[in-house]
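Participant: One structure, pasted below without further comment.
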Amino acid sequence: MIFLQQNSACNRRRREANKIELWLSMNEHSHIEDCYIFVSCIFDGQHENEARDKIKELSKNNKVYVVGCFPDAFPNDVFPNVKMHSLFGFGKFLDDTFGLTVPLESLPNNIVNNIPITSGCTWNCAYCAIKHGVGNKLISTPISKIDQMIENSSKNETLLLSGEDTGLWGIDCNQPFSQLTDLLKTKHTTFAFDNMTNEMFMINFDSLMELVNLNKLVQITVGLQHFDNYVLSTMNRPEVDISKFVEAIKKLREKNVTVVVYLMCNFPSETRQHVEIQIEGIKTLKRMGVTFCLFNFHRKLNTNIPFADIDLEVRKKHFHEVFMATQLTPLIT
Ligand SMILES: C[S@@+](CC[C@H](N)C(=O)[O-])C[C@H]1O[C@@H](n2cnc3c(N)ncnc32)[C@H](O)[C@@H]1O
Ligand code: SF4
């Protein structure tokens, strides 16, 4: 028997786990000795530790195969009975390992409804855990391949264009972002952009708006993190013109585009004054019907940013206050 395990994961790892689950259900695998396939995620500290403990525990009596972010983030973690494989090419790895009749690689893209348009990230955010997994080399999926993946996907569902920063598409191969949106305009389906940094969102806004005006863009997720530029600069994030940003979001909401904004609370440089700016910003966007994903900062930093002198109990209260302003399930990390 093969068992599938997963620690709390981002959408992409979740979709991969769903795909593996489907692959297992399509194959007869009772002849295989007991083992676990573990889909791992590293974007928060608590779950990294949980994943490590789980892998150790499972490997006491079973063979364990680990895919997802963990192998790239912790290449030196070696456990007996555990075989790790990099984030990329896990489908081929599992096919080669198990040799099941219906190969994982053969499953069409519409099963996960996800078109990866970029991989890797060239930004250098001070808090980032994700880059351990994906690296800093940007690789844009060639336009012809994106075209083919869209053609092979279901026409009835919104396709999610995914990547660490989807707004970086084309930069590594000297292609304008509008080449991508021009292709999307010709398709008989709707699209959602995952993970676009605030900077690339603003730069690509006109191209995105052309898609919106053709009713082809239904959702976008923008990583803003903070409404205060000082906090953004200490995060190594580019500054943002908040009034232009709010104006851009307003235009999308007027056309009924669902907007999801990632925010972070308790980054070490954040003071009481910054918390208030964050809450005011949230209120402004909330009036437009924007959805927030709020994360609580959790990592140690290697940079020398000035830490605000705020004790843990006050930080907990800050998080609660900001959460109440978003009034959504928080992603506490
Ligand atoms: C899947 S990541 C998206 C990354 C995307 N490239 C971006 O810049 O928004 C989702 C969110 O996790 C949060 N996050 C990442 N690292 C974190 C950390 N060390 N502590 C807390 N939240 C973190 C950030 O708010 C980030 O936007
Ligand atoms: S843009 Fe996202 S993936 Fe890239 S470094 Fe920043 S947080 Fe990490």
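Ordered as shown in the structure tokens, chains take letters A, B, and onward, while each chain numbers its residues from 1 and ligands are numbered from 1 in the order shown.
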Taking 2 positions as the minimum chain separation for residues in the same chain, which residues sit within 9 Å of A:His274 when counting only C-alpha atoms? Answer as a list in words.

Facilitator: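 Contacts, with the query itself left out: His226, Phe227, Asp228, Tyr230, Val231, Glu270, Thr271, Arg272, Glu276, Ile277, Gln278 and Ile279 of chain A.
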
Participant: Restricting the output to C-alpha atoms, write the selected residues as a PDB file, in the first residue's frame.

Facilitator:
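The result, written out as out.pdb:
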ATOM      1  CA  HIS A 226       2.584  46.172   4.221  1.00  0.00           C
ATOM      2  CA  PHE A 227       0.997  49.572   3.589  1.00  0.00           C
ATOM      3  CA  ASP A 228       4.011  51.324   5.082  1.00  0.00           C
ATOM      4  CA  TYR A 230       9.542  51.987   5.733  1.00  0.00           C
ATOM      5  CA  VAL A 231       8.482  48.458   6.709  1.00  0.00           C
ATOM      6  CA  GLU A 270       7.180  47.208  12.647  1.00  0.00           C
ATOM      7  CA  THR A 271       6.214  49.698  15.373  1.00  0.00           C
ATOM      8  CA  ARG A 272       2.811  50.619  16.816  1.00  0.00           C
ATOM      9  CA  GLU A 276      -2.019  51.674  12.644  1.00  0.00           C
ATOM     10  CA  ILE A 277      -1.051  52.449   9.036  1.00  0.00           C
ATOM     11  CA  GLN A 278      -1.600  48.773   8.189  1.00  0.00           C
ATOM     12  CA  ILE A 279      -5.076  48.779   9.769  1.00  0.00           C
TER      13      ILE A 279
END

Participant: Restrict the calculation to only C-alpha atoms and all ligand atoms, then for each residue of chain A with any atom at most 6 Å from an atom of ligand 1 give the closest atom pair and their distance in Å to one decimal, rows by chain and rising residue number, as a tab-separated table.

Facilitator:
residue	atom	partner	partner_atom_place_in_ligand_line	distance
A:Cys10	CA	ligand 1	1 (C)	5.9
A:Phe43	CA	ligand 1	16 (N)	5.7
A:Tyr127	CA	ligand 1	19 (N)	4.5
A:Cys128	CA	ligand 1	16 (N)	4.5
A:Ala129	CA	ligand 1	16 (N)	5.2
A:Glu164	CA	ligand 1	6 (N)	4.4
A:Asp165	CA	ligand 1	6 (N)	4.9
A:Asn195	CA	ligand 1	5 (C)	4.9
A:Thr197	CA	ligand 1	8 (O)	5.1
A:Gly223	CA	ligand 1	9 (O)	3.5
A:Gln225	CA	ligand 1	25 (O)	5.5
A:Tyr262	CA	ligand 1	27 (O)	4.8
A:Leu263	CA	ligand 1	25 (O)	5.0
A:Met264	CA	ligand 1	25 (O)	4.9
A:Phe295	CA	ligand 1	22 (N)	4.7
A:Asn296	CA	ligand 1	21 (C)	5.0
A:Phe297	CA	ligand 1	21 (C)	3.7
A:His298	CA	ligand 1	20 (N)	4.5
A:Arg299	CA	ligand 1	19 (N)	4.8
A:Thr333	CA	ligand 1	21 (C)	5.9

Participant: Ligand 2: which residues are within 10 Å, counting only C-alpha atoms and all ligand atoms, as number ranges by chain?

Facilitator: A: 43, 119-136, 138, 163-168, 195-200, 223-225, 235-237

Participant: Interatomic distance between atom CA of A:Asp72 and atom CA of A:Arg14?

Facilitator: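 Computing it gives 17.4 Å between the two atoms.
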
Participant: Near A:Thr101, counting only C-alpha atoms, which residues have an atom at most 12 Å away, once you skip same-chain residues fewer than 4 positions from it, shown as JSON, numbers by chain?

Facilitator: {"A": [23, 24, 25, 26, 27, 28, 29, 95, 96, 105, 106, 107]}

Participant: Please extract the residues of stretch 48-186 of chain A with a backbone DSSP assignment of strand (DSSP E or B) and present them as a short mmCIF file (atom, residue, chain, number, x, y, z; two decimals) with N, CA and C atoms, in the first residue's frame.

Facilitator:
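Everything below was put into part24.cif:
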data_model
loop_
_atom_site.label_atom_id
_atom_site.label_comp_id
_atom_site.auth_asym_id
_atom_site.auth_seq_id
_atom_site.Cartn_x
_atom_site.Cartn_y
_atom_site.Cartn_z
N LYS A 63 9.29 2.90 4.40
CA LYS A 63 10.07 3.68 3.45
C LYS A 63 9.28 4.97 3.18
N VAL A 64 10.00 6.09 3.13
CA VAL A 64 9.30 7.37 2.91
C VAL A 64 9.92 8.09 1.71
N TYR A 65 9.07 8.61 0.83
CA TYR A 65 9.51 9.41 -0.31
C TYR A 65 9.04 10.83 -0.07
N VAL A 66 9.98 11.77 -0.07
CA VAL A 66 9.60 13.16 0.22
C VAL A 66 9.74 14.00 -1.05
N VAL A 67 8.65 14.63 -1.46
CA VAL A 67 8.70 15.59 -2.57
C VAL A 67 8.22 16.94 -2.03
N GLY A 68 8.16 17.96 -2.88
CA GLY A 68 7.75 19.28 -2.41
C GLY A 68 8.98 20.13 -2.08
N VAL A 82 14.67 7.19 4.03
CA VAL A 82 13.93 8.30 3.39
C VAL A 82 14.64 8.68 2.09
N LYS A 83 13.85 8.80 1.03
CA LYS A 83 14.40 9.26 -0.24
C LYS A 83 13.75 10.59 -0.58
N MET A 84 14.58 11.62 -0.74
CA MET A 84 14.02 12.95 -1.02
C MET A 84 14.19 13.24 -2.52
N ASN A 114 -4.02 24.10 -13.30
CA ASN A 114 -2.94 25.01 -12.92
C ASN A 114 -1.91 25.09 -14.05
N ILE A 115 -1.59 26.30 -14.48
CA ILE A 115 -0.59 26.46 -15.54
C ILE A 115 0.62 27.16 -14.93
N PRO A 116 1.72 26.46 -14.67
CA PRO A 116 2.89 27.14 -14.10
C PRO A 116 3.54 28.02 -15.18
N THR A 118 5.83 30.68 -14.42
CA THR A 118 7.22 30.99 -14.06
C THR A 118 7.65 30.05 -12.95
N SER A 119 8.98 29.86 -12.85
CA SER A 119 9.48 29.20 -11.63
C SER A 119 10.73 29.96 -11.20
N ILE A 139 12.75 31.26 -14.42
CA ILE A 139 12.55 30.54 -15.69
C ILE A 139 11.09 30.71 -16.11
N SER A 140 10.89 31.48 -17.19
CA SER A 140 9.52 31.66 -17.70
C SER A 140 9.18 30.49 -18.61
N LEU A 159 -8.53 29.00 -15.31
CA LEU A 159 -7.19 28.41 -15.20
C LEU A 159 -6.32 29.31 -14.32
N LEU A 160 -5.62 28.68 -13.38
CA LEU A 160 -4.76 29.45 -12.49
C LEU A 160 -3.35 29.51 -13.08
N LEU A 161 -2.87 30.74 -13.31
CA LEU A 161 -1.51 30.93 -13.81
C LEU A 161 -0.61 31.08 -12.59
N SER A 162 0.31 30.14 -12.40
CA SER A 162 1.02 30.14 -11.12
C SER A 162 2.53 30.40 -11.27
#

Participant: Which residue gives the smallest distance to A:Leu312 among A:Lys255, A:Thr189, A:Asn266, A:Thr234, with only C-alpha atoms counted?

Facilitator: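 Of all the options, A:Asn266 lies closest to A:Leu312.
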
Participant: Using only C-alpha atoms, pick whichever of A:Glu254, A:Glu321, A:Glu50, A:Glu280 has the shortest atom-to-atom distance to A:Ile242.

Facilitator: A:Glu280

Participant: In stretch 214-273 of chain A, what's helix (DSSP H, G or I) per DSSP? Answer as number ranges by chain?

Facilitator: A: 229-234, 242-254, 272-273

Participant: Keeping only N, CA and C atoms, take the residues you just selected and write them out as a compact mmCIF listing (two decimals), in the first residue's frame.

Facilitator:
# COMPACT_ATOMS: atom_id res chain seq x y z
N ASN A 229 5.83 52.14 3.71
CA ASN A 229 7.03 51.98 2.88
C ASN A 229 8.30 51.75 3.68
N TYR A 230 8.35 52.26 4.92
CA TYR A 230 9.54 51.99 5.73
C TYR A 230 9.63 50.47 6.01
N VAL A 231 8.49 49.91 6.42
CA VAL A 231 8.48 48.46 6.71
C VAL A 231 8.82 47.68 5.43
N LEU A 232 8.25 48.10 4.31
CA LEU A 232 8.57 47.42 3.05
C LEU A 232 10.06 47.48 2.75
N SER A 233 10.68 48.65 3.00
CA SER A 233 12.11 48.77 2.68
C SER A 233 12.94 47.86 3.58
N THR A 234 12.53 47.71 4.85
CA THR A 234 13.30 46.82 5.73
C THR A 234 13.07 45.35 5.34
N ILE A 242 1.18 54.00 -2.43
CA ILE A 242 -0.04 53.38 -1.89
C ILE A 242 -1.30 53.94 -2.56
N SER A 243 -1.33 55.27 -2.83
CA SER A 243 -2.58 55.79 -3.42
C SER A 243 -2.78 55.24 -4.84
N LYS A 244 -1.67 55.07 -5.60
CA LYS A 244 -1.82 54.49 -6.95
C LYS A 244 -2.22 53.01 -6.84
N PHE A 245 -1.67 52.33 -5.83
CA PHE A 245 -1.99 50.92 -5.64
C PHE A 245 -3.48 50.75 -5.33
N VAL A 246 -3.97 51.58 -4.41
CA VAL A 246 -5.39 51.50 -4.03
C VAL A 246 -6.27 51.81 -5.24
N GLU A 247 -5.85 52.81 -6.02
CA GLU A 247 -6.60 53.19 -7.22
C GLU A 247 -6.69 52.02 -8.21
N ALA A 248 -5.56 51.31 -8.37
CA ALA A 248 -5.51 50.17 -9.30
C ALA A 248 -6.45 49.06 -8.82
N ILE A 249 -6.41 48.78 -7.51
CA ILE A 249 -7.27 47.72 -6.96
C ILE A 249 -8.75 48.11 -7.15
N LYS A 250 -9.02 49.41 -6.97
CA LYS A 250 -10.40 49.89 -7.12
C LYS A 250 -10.91 49.59 -8.54
N LYS A 251 -10.03 49.84 -9.53
CA LYS A 251 -10.46 49.61 -10.93
C LYS A 251 -10.79 48.13 -11.14
N LEU A 252 -10.01 47.25 -10.54
CA LEU A 252 -10.29 45.81 -10.70
C LEU A 252 -11.60 45.44 -10.02
N ARG A 253 -11.81 45.97 -8.82
CA ARG A 253 -13.03 45.62 -8.07
C ARG A 253 -14.29 46.15 -8.78
N GLU A 254 -14.13 47.32 -9.43
CA GLU A 254 -15.29 47.85 -10.18
C GLU A 254 -15.72 46.90 -11.29
N ARG A 272 4.24 50.37 16.60
CA ARG A 272 2.81 50.62 16.82
C ARG A 272 2.25 51.51 15.69
N GLN A 273 3.04 52.53 15.35
CA GLN A 273 2.59 53.47 14.32
C GLN A 273 2.36 52.75 12.97

Participant: Please identify all polymer residues within 7 Å of stretch 205-220 of chain A, counting only C-alpha atoms, omitting same-chain residues fewer than 4 positions from it, and present them as a ChimeraX atom specification.

Facilitator: /A:178,181,185,189-194,201,257-260

Participant: What does the distance between atom CA of A:Cys265 and atom CA of A:Cys293 come to in Å, to one decimal place?

Facilitator: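 Spanning atom CA of A:Cys265 to atom CA of A:Cys293 is a straight-line distance of 10.6 Å.
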